[in-house]
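Worksheet: one structure, shown below.
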Amino acid sequence: MKKLEDYVTSIPDFPEPGIIFRDVTTILQDPDGLALAVDGLKNMLKGIDYDVIAGPESRGFIFGVPVAYAEHKGFVPVRKKGKLPRETISEEYELEYGKAEIEMHKDSIKPGDKVVIIDDLIATGGTTEAIIRMIERLGGQVVKVCFVMELAGLKGREKLAGYEVGSLITYEGH
């Protein structure tokens, strides 16, 4: 049986020289790779008491929804500003060259909800940090943050100090 890492395609010098891009789409395209990823994320949640899963578009949706379905939990979509139809809260975060803003419905997290965040990748941790701030503003408690891949060299885990963070695959570089 192949390991999850075997389903990731590494593309050198993309998007710029010296960067190795880790392509998650090759996990999704293979039924065994997809099963390994979803099952691995589910296994990370064994023994965790939680009410709902949140994930950012788009790959947080791709990995978070099947886990929510399998665990019979609700899923809270976190979207780019202006994409959600009802009353929202928003949070700005830093990008490499500027800022971005994400939103979630104001009624998506209830006070006291225990929340798991699932996404495909942790790099600098900025997006996840913004999601945590929104969840906590709504009265929720983040009990675990799960990623398929981690780029440890970008130190995103440090930004999430104080939260339980797990990743299925860790790459030491950028």
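Residue names in the structure tokens use chain letters A, B, ... in the order shown, residue numbers from 1 in each chain, and ligand numbers from 1 in the order shown.
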
Tell me, as a PDB file with all heavy atoms, in the first residue's frame, which residues lie within 10 Å of range 75-86 of chain A, counting only C-alpha atoms; anything in the same chain fewer than 4 positions away does not count.
ATOM      1  N   ASP A  51     -18.162  19.557  18.013  1.00  0.00           N
ATOM      2  CA  ASP A  51     -19.527  19.695  17.524  1.00  0.00           C
ATOM      3  C   ASP A  51     -19.612  19.912  16.021  1.00  0.00           C
ATOM      4  O   ASP A  51     -20.569  19.485  15.385  1.00  0.00           O
ATOM      5  CB  ASP A  51     -20.213  20.894  18.221  1.00  0.00           C
ATOM      6  CG  ASP A  51     -20.208  20.755  19.728  1.00  0.00           C
ATOM      7  OD1 ASP A  51     -20.751  19.756  20.217  1.00  0.00           O
ATOM      8  OD2 ASP A  51     -19.636  21.637  20.409  1.00  0.00           O
ATOM      9  N   VAL A  52     -18.635  20.601  15.463  1.00  0.00           N
ATOM     10  CA  VAL A  52     -18.720  21.032  14.071  1.00  0.00           C
ATOM     11  C   VAL A  52     -17.324  21.157  13.476  1.00  0.00           C
ATOM     12  O   VAL A  52     -16.347  21.343  14.203  1.00  0.00           O
ATOM     13  CB  VAL A  52     -19.501  22.379  13.983  1.00  0.00           C
ATOM     14  CG1 VAL A  52     -18.743  23.503  14.648  1.00  0.00           C
ATOM     15  CG2 VAL A  52     -19.872  22.741  12.556  1.00  0.00           C
ATOM     16  N   ILE A  53     -17.255  21.030  12.144  1.00  0.00           N
ATOM     17  CA  ILE A  53     -16.007  21.222  11.405  1.00  0.00           C
ATOM     18  C   ILE A  53     -16.133  22.492  10.578  1.00  0.00           C
ATOM     19  O   ILE A  53     -17.168  22.724   9.936  1.00  0.00           O
ATOM     20  CB  ILE A  53     -15.717  20.014  10.493  1.00  0.00           C
ATOM     21  CG1 ILE A  53     -15.425  18.775  11.333  1.00  0.00           C
ATOM     22  CG2 ILE A  53     -14.549  20.315   9.539  1.00  0.00           C
ATOM     23  CD1 ILE A  53     -15.269  17.493  10.541  1.00  0.00           C
ATOM     24  N   ALA A  54     -15.094  23.304  10.574  1.00  0.00           N
ATOM     25  CA  ALA A  54     -15.030  24.496   9.724  1.00  0.00           C
ATOM     26  C   ALA A  54     -13.864  24.330   8.765  1.00  0.00           C
ATOM     27  O   ALA A  54     -12.852  23.703   9.102  1.00  0.00           O
ATOM     28  CB  ALA A  54     -14.830  25.754  10.577  1.00  0.00           C
ATOM     29  N   GLY A  55     -14.015  24.892   7.566  1.00  0.00           N
ATOM     30  CA  GLY A  55     -12.931  24.832   6.593  1.00  0.00           C
ATOM     31  C   GLY A  55     -13.034  25.949   5.581  1.00  0.00           C
ATOM     32  O   GLY A  55     -14.137  26.349   5.201  1.00  0.00           O
ATOM     33  N   PRO A  56     -11.880  26.472   5.158  1.00  0.00           N
ATOM     34  CA  PRO A  56     -11.876  27.553   4.175  1.00  0.00           C
ATOM     35  C   PRO A  56     -11.994  27.037   2.744  1.00  0.00           C
ATOM     36  O   PRO A  56     -11.577  25.917   2.439  1.00  0.00           O
ATOM     37  CB  PRO A  56     -10.515  28.212   4.388  1.00  0.00           C
ATOM     38  CG  PRO A  56      -9.650  27.090   4.854  1.00  0.00           C
ATOM     39  CD  PRO A  56     -10.538  26.176   5.658  1.00  0.00           C
ATOM     40  N   GLU A  57     -12.572  27.896   1.896  1.00  0.00           N
ATOM     41  CA  GLU A  57     -12.638  27.514   0.486  1.00  0.00           C
ATOM     42  C   GLU A  57     -11.242  27.508  -0.099  1.00  0.00           C
ATOM     43  O   GLU A  57     -10.372  28.226   0.369  1.00  0.00           O
ATOM     44  CB  GLU A  57     -13.583  28.424  -0.295  1.00  0.00           C
ATOM     45  CG  GLU A  57     -13.135  29.873  -0.441  1.00  0.00           C
ATOM     46  CD  GLU A  57     -14.076  30.671  -1.324  1.00  0.00           C
ATOM     47  OE1 GLU A  57     -14.097  30.439  -2.543  1.00  0.00           O
ATOM     48  OE2 GLU A  57     -14.788  31.525  -0.791  1.00  0.00           O
ATOM     49  N   SER A  58     -10.973  26.729  -1.012  1.00  0.00           N
ATOM     50  CA  SER A  58     -11.837  25.679  -1.519  1.00  0.00           C
ATOM     51  C   SER A  58     -11.404  24.312  -1.020  1.00  0.00           C
ATOM     52  O   SER A  58     -12.196  23.409  -0.852  1.00  0.00           O
ATOM     53  CB  SER A  58     -11.852  25.707  -3.039  1.00  0.00           C
ATOM     54  OG  SER A  58     -10.561  25.406  -3.556  1.00  0.00           O
ATOM     55  N   GLY A  60     -10.320  23.387   1.909  1.00  0.00           N
ATOM     56  CA  GLY A  60     -10.872  23.050   3.221  1.00  0.00           C
ATOM     57  C   GLY A  60     -12.241  22.423   3.080  1.00  0.00           C
ATOM     58  O   GLY A  60     -12.638  21.573   3.871  1.00  0.00           O
ATOM     59  N   PHE A  61     -12.990  22.848   2.039  1.00  0.00           N
ATOM     60  CA  PHE A  61     -14.291  22.232   1.740  1.00  0.00           C
ATOM     61  C   PHE A  61     -14.072  20.788   1.279  1.00  0.00           C
ATOM     62  O   PHE A  61     -14.748  19.869   1.710  1.00  0.00           O
ATOM     63  CB  PHE A  61     -15.008  22.948   0.599  1.00  0.00           C
ATOM     64  CG  PHE A  61     -15.488  24.348   0.867  1.00  0.00           C
ATOM     65  CD1 PHE A  61     -15.121  25.065   1.990  1.00  0.00           C
ATOM     66  CD2 PHE A  61     -16.303  24.966  -0.052  1.00  0.00           C
ATOM     67  CE1 PHE A  61     -15.573  26.360   2.203  1.00  0.00           C
ATOM     68  CE2 PHE A  61     -16.766  26.253   0.149  1.00  0.00           C
ATOM     69  CZ  PHE A  61     -16.404  26.954   1.277  1.00  0.00           C
ATOM     70  N   GLY A  64     -12.737  18.812   4.348  1.00  0.00           N
ATOM     71  CA  GLY A  64     -13.557  18.918   5.551  1.00  0.00           C
ATOM     72  C   GLY A  64     -14.928  18.283   5.430  1.00  0.00           C
ATOM     73  O   GLY A  64     -15.414  17.648   6.371  1.00  0.00           O
ATOM     74  N   VAL A  65     -15.579  18.455   4.283  1.00  0.00           N
ATOM     75  CA  VAL A  65     -16.941  17.929   4.123  1.00  0.00           C
ATOM     76  C   VAL A  65     -16.998  16.404   4.224  1.00  0.00           C
ATOM     77  O   VAL A  65     -17.860  15.876   4.934  1.00  0.00           O
ATOM     78  CB  VAL A  65     -17.590  18.458   2.825  1.00  0.00           C
ATOM     79  CG1 VAL A  65     -18.871  17.706   2.500  1.00  0.00           C
ATOM     80  CG2 VAL A  65     -17.878  19.950   2.956  1.00  0.00           C
ATOM     81  N   PRO A  66     -16.117  15.637   3.559  1.00  0.00           N
ATOM     82  CA  PRO A  66     -16.229  14.188   3.719  1.00  0.00           C
ATOM     83  C   PRO A  66     -15.975  13.721   5.152  1.00  0.00           C
ATOM     84  O   PRO A  66     -16.586  12.756   5.612  1.00  0.00           O
ATOM     85  CB  PRO A  66     -15.197  13.596   2.760  1.00  0.00           C
ATOM     86  CG  PRO A  66     -14.432  14.719   2.196  1.00  0.00           C
ATOM     87  CD  PRO A  66     -15.109  16.000   2.567  1.00  0.00           C
ATOM     88  N   VAL A  67     -15.112  14.426   5.878  1.00  0.00           N
ATOM     89  CA  VAL A  67     -14.884  14.068   7.277  1.00  0.00           C
ATOM     90  C   VAL A  67     -16.138  14.390   8.091  1.00  0.00           C
ATOM     91  O   VAL A  67     -16.598  13.567   8.894  1.00  0.00           O
ATOM     92  CB  VAL A  67     -13.641  14.784   7.854  1.00  0.00           C
ATOM     93  CG1 VAL A  67     -13.497  14.514   9.351  1.00  0.00           C
ATOM     94  CG2 VAL A  67     -12.382  14.362   7.107  1.00  0.00           C
ATOM     95  N   ALA A  68     -16.721  15.575   7.877  1.00  0.00           N
ATOM     96  CA  ALA A  68     -17.955  15.947   8.581  1.00  0.00           C
ATOM     97  C   ALA A  68     -19.057  14.930   8.292  1.00  0.00           C
ATOM     98  O   ALA A  68     -19.758  14.483   9.202  1.00  0.00           O
ATOM     99  CB  ALA A  68     -18.392  17.354   8.180  1.00  0.00           C
ATOM    100  N   TYR A  69     -19.203  14.548   7.040  1.00  0.00           N
ATOM    101  CA  TYR A  69     -20.215  13.562   6.654  1.00  0.00           C
ATOM    102  C   TYR A  69     -19.977  12.226   7.365  1.00  0.00           C
ATOM    103  O   TYR A  69     -20.890  11.655   7.966  1.00  0.00           O
ATOM    104  CB  TYR A  69     -20.201  13.366   5.134  1.00  0.00           C
ATOM    105  CG  TYR A  69     -21.114  12.257   4.682  1.00  0.00           C
ATOM    106  CD1 TYR A  69     -22.484  12.465   4.558  1.00  0.00           C
ATOM    107  CD2 TYR A  69     -20.612  10.993   4.401  1.00  0.00           C
ATOM    108  CE1 TYR A  69     -23.333  11.435   4.161  1.00  0.00           C
ATOM    109  CE2 TYR A  69     -21.444   9.961   4.013  1.00  0.00           C
ATOM    110  CZ  TYR A  69     -22.809  10.188   3.885  1.00  0.00           C
ATOM    111  OH  TYR A  69     -23.634   9.173   3.502  1.00  0.00           O
ATOM    112  N   SER A  90     -16.283  39.008   9.536  1.00  0.00           N
ATOM    113  CA  SER A  90     -15.121  38.879   8.659  1.00  0.00           C
ATOM    114  C   SER A  90     -13.848  39.115   9.449  1.00  0.00           C
ATOM    115  O   SER A  90     -13.866  39.666  10.547  1.00  0.00           O
ATOM    116  CB  SER A  90     -15.219  39.858   7.489  1.00  0.00           C
ATOM    117  OG  SER A  90     -15.172  41.185   7.955  1.00  0.00           O
ATOM    118  N   GLU A  91     -12.767  38.691   8.837  1.00  0.00           N
ATOM    119  CA  GLU A  91     -11.446  38.859   9.449  1.00  0.00           C
ATOM    120  C   GLU A  91     -10.439  39.050   8.321  1.00  0.00           C
ATOM    121  O   GLU A  91     -10.455  38.320   7.341  1.00  0.00           O
ATOM    122  CB  GLU A  91     -11.098  37.627  10.280  1.00  0.00           C
ATOM    123  CG  GLU A  91      -9.911  37.780  11.179  1.00  0.00           C
ATOM    124  CD  GLU A  91     -10.144  38.711  12.356  1.00  0.00           C
ATOM    125  OE1 GLU A  91     -11.236  38.719  12.946  1.00  0.00           O
ATOM    126  OE2 GLU A  91      -9.192  39.447  12.678  1.00  0.00           O
ATOM    127  N   GLU A  92      -9.581  40.044   8.505  1.00  0.00           N
ATOM    128  CA  GLU A  92      -8.519  40.315   7.546  1.00  0.00           C
ATOM    129  C   GLU A  92      -7.259  39.571   7.967  1.00  0.00           C
ATOM    130  O   GLU A  92      -7.038  39.348   9.162  1.00  0.00           O
ATOM    131  CB  GLU A  92      -8.244  41.821   7.538  1.00  0.00           C
ATOM    132  CG  GLU A  92      -7.864  42.372   6.205  1.00  0.00           C
ATOM    133  CD  GLU A  92      -7.776  43.891   6.231  1.00  0.00           C
ATOM    134  OE1 GLU A  92      -6.892  44.418   6.939  1.00  0.00           O
ATOM    135  OE2 GLU A  92      -8.576  44.515   5.533  1.00  0.00           O
ATOM    136  N   ALA A 100      -5.929  39.966   2.666  1.00  0.00           N
ATOM    137  CA  ALA A 100      -7.144  39.333   2.171  1.00  0.00           C
ATOM    138  C   ALA A 100      -8.143  39.320   3.311  1.00  0.00           C
ATOM    139  O   ALA A 100      -7.796  39.595   4.465  1.00  0.00           O
ATOM    140  CB  ALA A 100      -6.861  37.917   1.673  1.00  0.00           C
ATOM    141  N   GLU A 101      -9.390  39.012   2.981  1.00  0.00           N
ATOM    142  CA  GLU A 101     -10.434  38.983   3.991  1.00  0.00           C
ATOM    143  C   GLU A 101     -11.323  37.771   3.762  1.00  0.00           C
ATOM    144  O   GLU A 101     -11.669  37.453   2.626  1.00  0.00           O
ATOM    145  CB  GLU A 101     -11.258  40.277   3.913  1.00  0.00           C
ATOM    146  CG  GLU A 101     -12.130  40.522   5.104  1.00  0.00           C
ATOM    147  CD  GLU A 101     -12.713  41.933   5.117  1.00  0.00           C
ATOM    148  OE1 GLU A 101     -12.359  42.753   4.246  1.00  0.00           O
ATOM    149  OE2 GLU A 101     -13.523  42.194   6.003  1.00  0.00           O
ATOM    150  N   ILE A 102     -11.649  37.084   4.857  1.00  0.00           N
ATOM    151  CA  ILE A 102     -12.532  35.930   4.787  1.00  0.00           C
ATOM    152  C   ILE A 102     -13.735  36.175   5.689  1.00  0.00           C
ATOM    153  O   ILE A 102     -13.691  37.028   6.585  1.00  0.00           O
ATOM    154  CB  ILE A 102     -11.822  34.619   5.185  1.00  0.00           C
ATOM    155  CG1 ILE A 102     -11.117  34.766   6.534  1.00  0.00           C
ATOM    156  CG2 ILE A 102     -10.862  34.180   4.091  1.00  0.00           C
ATOM    157  CD1 ILE A 102     -10.482  33.486   7.047  1.00  0.00           C
ATOM    158  N   GLU A 103     -14.797  35.419   5.429  1.00  0.00           N
ATOM    159  CA  GLU A 103     -16.039  35.592   6.172  1.00  0.00           C
ATOM    160  C   GLU A 103     -16.659  34.240   6.516  1.00  0.00           C
ATOM    161  O   GLU A 103     -16.382  33.229   5.861  1.00  0.00           O
ATOM    162  CB  GLU A 103     -17.071  36.358   5.334  1.00  0.00           C
ATOM    163  CG  GLU A 103     -16.698  37.765   4.998  1.00  0.00           C
ATOM    164  CD  GLU A 103     -17.765  38.463   4.168  1.00  0.00           C
ATOM    165  OE1 GLU A 103     -18.363  37.839   3.270  1.00  0.00           O
ATOM    166  OE2 GLU A 103     -17.985  39.650   4.434  1.00  0.00           O
ATOM    167  N   MET A 104     -17.505  34.271   7.516  1.00  0.00           N
ATOM    168  CA  MET A 104     -18.364  33.136   7.822  1.00  0.00           C
ATOM    169  C   MET A 104     -19.704  33.700   8.288  1.00  0.00           C
ATOM    170  O   MET A 104     -19.781  34.848   8.728  1.00  0.00           O
ATOM    171  CB  MET A 104     -17.728  32.203   8.852  1.00  0.00           C
ATOM    172  CG  MET A 104     -17.362  32.831  10.152  1.00  0.00           C
ATOM    173  SD  MET A 104     -16.222  31.836  11.172  1.00  0.00           S
ATOM    174  CE  MET A 104     -17.052  30.308  11.319  1.00  0.00           C
ATOM    175  N   HIS A 105     -20.761  32.909   8.144  1.00  0.00           N
ATOM    176  CA  HIS A 105     -22.067  33.364   8.604  1.00  0.00           C
ATOM    177  C   HIS A 105     -22.030  33.601  10.111  1.00  0.00           C
ATOM    178  O   HIS A 105     -21.453  32.804  10.854  1.00  0.00           O
ATOM    179  CB  HIS A 105     -23.158  32.342   8.263  1.00  0.00           C
ATOM    180  CG  HIS A 105     -23.585  32.407   6.836  1.00  0.00           C
ATOM    181  ND1 HIS A 105     -23.599  31.306   6.015  1.00  0.00           N
ATOM    182  CD2 HIS A 105     -24.027  33.447   6.075  1.00  0.00           C
ATOM    183  CE1 HIS A 105     -24.025  31.657   4.825  1.00  0.00           C
ATOM    184  NE2 HIS A 105     -24.285  32.953   4.832  1.00  0.00           N
ATOM    185  N   LYS A 106     -22.670  34.669  10.518  1.00  0.00           N
ATOM    186  CA  LYS A 106     -22.670  35.071  11.925  1.00  0.00           C
ATOM    187  C   LYS A 106     -23.319  34.020  12.823  1.00  0.00           C
ATOM    188  O   LYS A 106     -22.971  33.896  13.993  1.00  0.00           O
ATOM    189  CB  LYS A 106     -23.394  36.405  12.061  1.00  0.00           C
ATOM    190  CG  LYS A 106     -23.097  37.154  13.315  1.00  0.00           C
ATOM    191  CD  LYS A 106     -23.682  38.545  13.262  1.00  0.00           C
ATOM    192  CE  LYS A 106     -23.144  39.367  14.406  1.00  0.00           C
ATOM    193  NZ  LYS A 106     -23.638  40.733  14.341  1.00  0.00           N
ATOM    194  N   ASP A 107     -24.255  33.243  12.266  1.00  0.00           N
ATOM    195  CA  ASP A 107     -24.961  32.236  13.075  1.00  0.00           C
ATOM    196  C   ASP A 107     -24.390  30.822  12.898  1.00  0.00           C
ATOM    197  O   ASP A 107     -24.984  29.851  13.345  1.00  0.00           O
ATOM    198  CB  ASP A 107     -26.453  32.243  12.743  1.00  0.00           C
ATOM    199  CG  ASP A 107     -26.758  31.855  11.300  1.00  0.00           C
ATOM    200  OD1 ASP A 107     -25.817  31.652  10.498  1.00  0.00           O
ATOM    201  OD2 ASP A 107     -27.951  31.752  10.971  1.00  0.00           O
ATOM    202  N   SER A 108     -23.230  30.704  12.255  1.00  0.00           N
ATOM    203  CA  SER A 108     -22.693  29.374  11.946  1.00  0.00           C
ATOM    204  C   SER A 108     -22.050  28.684  13.150  1.00  0.00           C
ATOM    205  O   SER A 108     -21.981  27.462  13.203  1.00  0.00           O
ATOM    206  CB  SER A 108     -21.683  29.452  10.796  1.00  0.00           C
ATOM    207  OG  SER A 108     -20.593  30.272  11.160  1.00  0.00           O
ATOM    208  N   ILE A 109     -21.570  29.463  14.092  1.00  0.00           N
ATOM    209  CA  ILE A 109     -20.980  28.933  15.314  1.00  0.00           C
ATOM    210  C   ILE A 109     -21.790  29.473  16.483  1.00  0.00           C
ATOM    211  O   ILE A 109     -22.013  30.681  16.585  1.00  0.00           O
ATOM    212  CB  ILE A 109     -19.496  29.373  15.471  1.00  0.00           C
ATOM    213  CG1 ILE A 109     -18.652  28.916  14.277  1.00  0.00           C
ATOM    214  CG2 ILE A 109     -18.913  28.891  16.802  1.00  0.00           C
ATOM    215  CD1 ILE A 109     -18.468  27.429  14.144  1.00  0.00           C
ATOM    216  N   VAL A 115     -15.057  23.368  17.976  1.00  0.00           N
ATOM    217  CA  VAL A 115     -14.851  23.407  16.534  1.00  0.00           C
ATOM    218  C   VAL A 115     -13.507  22.792  16.141  1.00  0.00           C
ATOM    219  O   VAL A 115     -12.481  23.056  16.780  1.00  0.00           O
ATOM    220  CB  VAL A 115     -14.913  24.857  16.011  1.00  0.00           C
ATOM    221  CG1 VAL A 115     -14.802  24.897  14.497  1.00  0.00           C
ATOM    222  CG2 VAL A 115     -16.191  25.550  16.483  1.00  0.00           C
ATOM    223  N   VAL A 116     -13.537  21.998  15.071  1.00  0.00           N
ATOM    224  CA  VAL A 116     -12.332  21.489  14.416  1.00  0.00           C
ATOM    225  C   VAL A 116     -12.200  22.235  13.094  1.00  0.00           C
ATOM    226  O   VAL A 116     -13.183  22.394  12.375  1.00  0.00           O
ATOM    227  CB  VAL A 116     -12.444  19.970  14.160  1.00  0.00           C
ATOM    228  CG1 VAL A 116     -11.333  19.491  13.222  1.00  0.00           C
ATOM    229  CG2 VAL A 116     -12.421  19.194  15.465  1.00  0.00           C
ATOM    230  N   ILE A 117     -11.002  22.691  12.783  1.00  0.00           N
ATOM    231  CA  ILE A 117     -10.725  23.324  11.489  1.00  0.00           C
ATOM    232  C   ILE A 117      -9.951  22.323  10.647  1.00  0.00           C
ATOM    233  O   ILE A 117      -8.979  21.721  11.126  1.00  0.00           O
ATOM    234  CB  ILE A 117      -9.903  24.617  11.659  1.00  0.00           C
ATOM    235  CG1 ILE A 117     -10.668  25.631  12.500  1.00  0.00           C
ATOM    236  CG2 ILE A 117      -9.529  25.203  10.287  1.00  0.00           C
ATOM    237  CD1 ILE A 117      -9.844  26.841  12.918  1.00  0.00           C
ATOM    238  N   ILE A 131      -9.388  32.427  10.843  1.00  0.00           N
ATOM    239  CA  ILE A 131     -10.558  31.582  11.105  1.00  0.00           C
ATOM    240  C   ILE A 131     -10.742  31.400  12.611  1.00  0.00           C
ATOM    241  O   ILE A 131     -11.860  31.508  13.131  1.00  0.00           O
ATOM    242  CB  ILE A 131     -10.423  30.222  10.394  1.00  0.00           C
ATOM    243  CG1 ILE A 131     -10.438  30.403   8.877  1.00  0.00           C
ATOM    244  CG2 ILE A 131     -11.542  29.268  10.830  1.00  0.00           C
ATOM    245  CD1 ILE A 131     -10.029  29.155   8.094  1.00  0.00           C
ATOM    246  N   MET A 134     -12.317  34.447  14.200  1.00  0.00           N
ATOM    247  CA  MET A 134     -13.767  34.548  13.968  1.00  0.00           C
ATOM    248  C   MET A 134     -14.535  33.565  14.848  1.00  0.00           C
ATOM    249  O   MET A 134     -15.565  33.916  15.434  1.00  0.00           O
ATOM    250  CB  MET A 134     -14.092  34.315  12.491  1.00  0.00           C
ATOM    251  CG  MET A 134     -13.721  35.474  11.601  1.00  0.00           C
ATOM    252  SD  MET A 134     -14.389  35.326   9.921  1.00  0.00           S
ATOM    253  CE  MET A 134     -13.532  33.879   9.305  1.00  0.00           C
TER     254      MET A 134
END

**Message:** If you run DSSP on the backbone here, which positions in range 15-152 of chain A get strand (DSSP E)? Please write them as a ChimeraX atom specification.
**Reply:** /A:20-23,52-56,74-80,88-95,98-105,114-122,141-151

**Request:** Name all residues at most 12 Å from Asp32 in chain A (count only C-alpha atoms; drop same-chain ones fewer than 4 positions away) and give them as a VMD selection string.
**Result:** chain A and resid 1 to 7 26 to 28 36 to 40

**Prompt:** If you count only C-alpha atoms, which residues fall within 9 Å of Ile11 in chain A, apart from same-chain ones fewer than 4 positions away, as a ChimeraX atom specification?
**Reply:** /A:19-23

Would you mind exporting all heavy atoms of the selected residues as a JSON list (two decimals), in the first residue's frame?
[["chain", "number", "residue", "atom", "x", "y", "z"],
["A", 19, "ILE", "N", 11.31, 27.27, -5.34],
["A", 19, "ILE", "CA", 10.13, 26.79, -4.61],
["A", 19, "ILE", "C", 9.73, 25.42, -5.15],
["A", 19, "ILE", "O", 9.76, 25.19, -6.35],
["A", 19, "ILE", "CB", 8.93, 27.77, -4.79],
["A", 19, "ILE", "CG1", 9.29, 29.17, -4.30],
["A", 19, "ILE", "CG2", 7.68, 27.23, -4.12],
["A", 19, "ILE", "CD1", 9.49, 29.29, -2.81],
["A", 20, "ILE", "N", 9.39, 24.52, -4.24],
["A", 20, "ILE", "CA", 8.83, 23.22, -4.65],
["A", 20, "ILE", "C", 7.35, 23.26, -4.31],
["A", 20, "ILE", "O", 6.97, 23.32, -3.14],
["A", 20, "ILE", "CB", 9.51, 22.04, -3.95],
["A", 20, "ILE", "CG1", 10.99, 22.01, -4.27],
["A", 20, "ILE", "CG2", 8.84, 20.72, -4.35],
["A", 20, "ILE", "CD1", 11.78, 20.96, -3.48],
["A", 21, "PHE", "N", 6.50, 23.25, -5.32],
["A", 21, "PHE", "CA", 5.05, 23.29, -5.13],
["A", 21, "PHE", "C", 4.55, 21.87, -4.87],
["A", 21, "PHE", "O", 4.84, 20.96, -5.64],
["A", 21, "PHE", "CB", 4.37, 23.87, -6.37],
["A", 21, "PHE", "CG", 2.89, 24.05, -6.22],
["A", 21, "PHE", "CD1", 2.38, 25.18, -5.61],
["A", 21, "PHE", "CD2", 2.02, 23.07, -6.67],
["A", 21, "PHE", "CE1", 1.01, 25.35, -5.46],
["A", 21, "PHE", "CE2", 0.65, 23.23, -6.53],
["A", 21, "PHE", "CZ", 0.15, 24.37, -5.92],
["A", 22, "ARG", "N", 3.83, 21.70, -3.78],
["A", 22, "ARG", "CA", 3.27, 20.39, -3.42],
["A", 22, "ARG", "C", 1.81, 20.37, -3.89],
["A", 22, "ARG", "O", 0.95, 21.02, -3.31],
["A", 22, "ARG", "CB", 3.34, 20.15, -1.92],
["A", 22, "ARG", "CG", 4.72, 20.37, -1.31],
["A", 22, "ARG", "CD", 5.76, 19.40, -1.82],
["A", 22, "ARG", "NE", 7.04, 19.68, -1.14],
["A", 22, "ARG", "CZ", 8.10, 18.96, -1.26],
["A", 22, "ARG", "NH1", 8.11, 17.90, -2.03],
["A", 22, "ARG", "NH2", 9.21, 19.28, -0.63],
["A", 23, "ASP", "N", 1.55, 19.61, -4.94],
["A", 23, "ASP", "CA", 0.24, 19.58, -5.58],
["A", 23, "ASP", "C", -0.68, 18.54, -4.95],
["A", 23, "ASP", "O", -0.46, 17.34, -5.07],
["A", 23, "ASP", "CB", 0.40, 19.30, -7.07],
["A", 23, "ASP", "CG", -0.90, 19.40, -7.85],
["A", 23, "ASP", "OD1", -1.92, 19.83, -7.26],
["A", 23, "ASP", "OD2", -0.89, 19.06, -9.04]]

**Request:** Select, from A:Leu138, A:Ile169, A:Val24, A:Ala35, the residue with the minimum atom-to-atom distance to Asp113 in chain A, counting only C-alpha atoms.
**Result:**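 Of all the options, A:Leu138 lies closest to Asp113 in chain A.
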
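Among A:Val8, A:Cys146, A:Leu160, A:Leu151, the residue with the shortest atom-to-atom distance to Ile132 in chain A, counting only C-alpha atoms, is A:Leu160.
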
**Message:** Need the shell around Leu168 in chain A: protein/DNA/RNA residues with any atom at most 7 Å away, counting only C-alpha atoms. Skip same-chain ones fewer than 6 positions apart. Format as a count of residues only?
**Reply:** 4

**Message:** For the structure I just gave you, how does DSSP split range 89-153 of chain A - specifically, which residues are alpha helix (DSSP H)? Reply as a list of chain:residue names.
**Reply:**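 The alpha helix (DSSP H) subset of range 89-153 of chain A is A:Gly126, A:Thr127, A:Thr128, A:Glu129, A:Ala130, A:Ile131, A:Ile132, A:Arg133, A:Met134, A:Ile135, A:Glu136, A:Arg137.
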
**Item:** Selection near Arg59 in chain A, 7 Å with only C-alpha atoms, sequence-local residues under 3 positions removed, as a VMD selection string
**Value:** chain A and resid 56 62 to 63 119 to 120

Using all heavy atoms, can you export the residues from the last selection as an mmCIF file, in the first residue's frame?
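Writing done, so here's part_39.cif:
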data_model
loop_
_atom_site.group_PDB
_atom_site.id
_atom_site.type_symbol
_atom_site.label_atom_id
_atom_site.label_comp_id
_atom_site.auth_asym_id
_atom_site.auth_seq_id
_atom_site.Cartn_x
_atom_site.Cartn_y
_atom_site.Cartn_z
ATOM 1 N N PRO A 56 -11.880 26.472 5.158
ATOM 2 C CA PRO A 56 -11.876 27.553 4.175
ATOM 3 C C PRO A 56 -11.994 27.037 2.744
ATOM 4 O O PRO A 56 -11.577 25.917 2.439
ATOM 5 C CB PRO A 56 -10.515 28.212 4.388
ATOM 6 C CG PRO A 56 -9.650 27.090 4.854
ATOM 7 C CD PRO A 56 -10.538 26.176 5.658
ATOM 8 N N ILE A 62 -13.106 20.635 0.373
ATOM 9 C CA ILE A 62 -12.875 19.323 -0.253
ATOM 10 C C ILE A 62 -12.521 18.266 0.789
ATOM 11 O O ILE A 62 -13.004 17.143 0.707
ATOM 12 C CB ILE A 62 -11.761 19.438 -1.319
ATOM 13 C CG1 ILE A 62 -12.257 20.269 -2.499
ATOM 14 C CG2 ILE A 62 -11.295 18.060 -1.772
ATOM 15 C CD1 ILE A 62 -11.160 20.651 -3.488
ATOM 16 N N PHE A 63 -11.702 18.629 1.766
ATOM 17 C CA PHE A 63 -11.291 17.650 2.774
ATOM 18 C C PHE A 63 -12.185 17.665 4.015
ATOM 19 O O PHE A 63 -12.369 16.632 4.650
ATOM 20 C CB PHE A 63 -9.824 17.861 3.165
ATOM 21 C CG PHE A 63 -8.873 17.513 2.065
ATOM 22 C CD1 PHE A 63 -8.235 18.497 1.336
ATOM 23 C CD2 PHE A 63 -8.632 16.193 1.745
ATOM 24 C CE1 PHE A 63 -7.358 18.174 0.303
ATOM 25 C CE2 PHE A 63 -7.762 15.847 0.715
ATOM 26 C CZ PHE A 63 -7.132 16.849 -0.015
ATOM 27 N N ASP A 119 -8.091 21.908 6.754
ATOM 28 C CA ASP A 119 -7.658 22.519 5.500
ATOM 29 C C ASP A 119 -6.606 21.611 4.861
ATOM 30 O O ASP A 119 -6.120 20.671 5.485
ATOM 31 C CB ASP A 119 -7.091 23.915 5.743
ATOM 32 C CG ASP A 119 -7.121 24.806 4.502
ATOM 33 O OD1 ASP A 119 -7.574 24.344 3.426
ATOM 34 O OD2 ASP A 119 -6.689 25.964 4.606
ATOM 35 N N ASP A 120 -6.269 21.913 3.618
ATOM 36 C CA ASP A 120 -5.309 21.072 2.912
ATOM 37 C C ASP A 120 -3.877 21.347 3.334
ATOM 38 O O ASP A 120 -3.056 20.442 3.365
ATOM 39 C CB ASP A 120 -5.453 21.226 1.398
ATOM 40 C CG ASP A 120 -4.989 22.577 0.884
ATOM 41 O OD1 ASP A 120 -5.248 23.601 1.564
ATOM 42 O OD2 ASP A 120 -4.389 22.629 -0.205
#
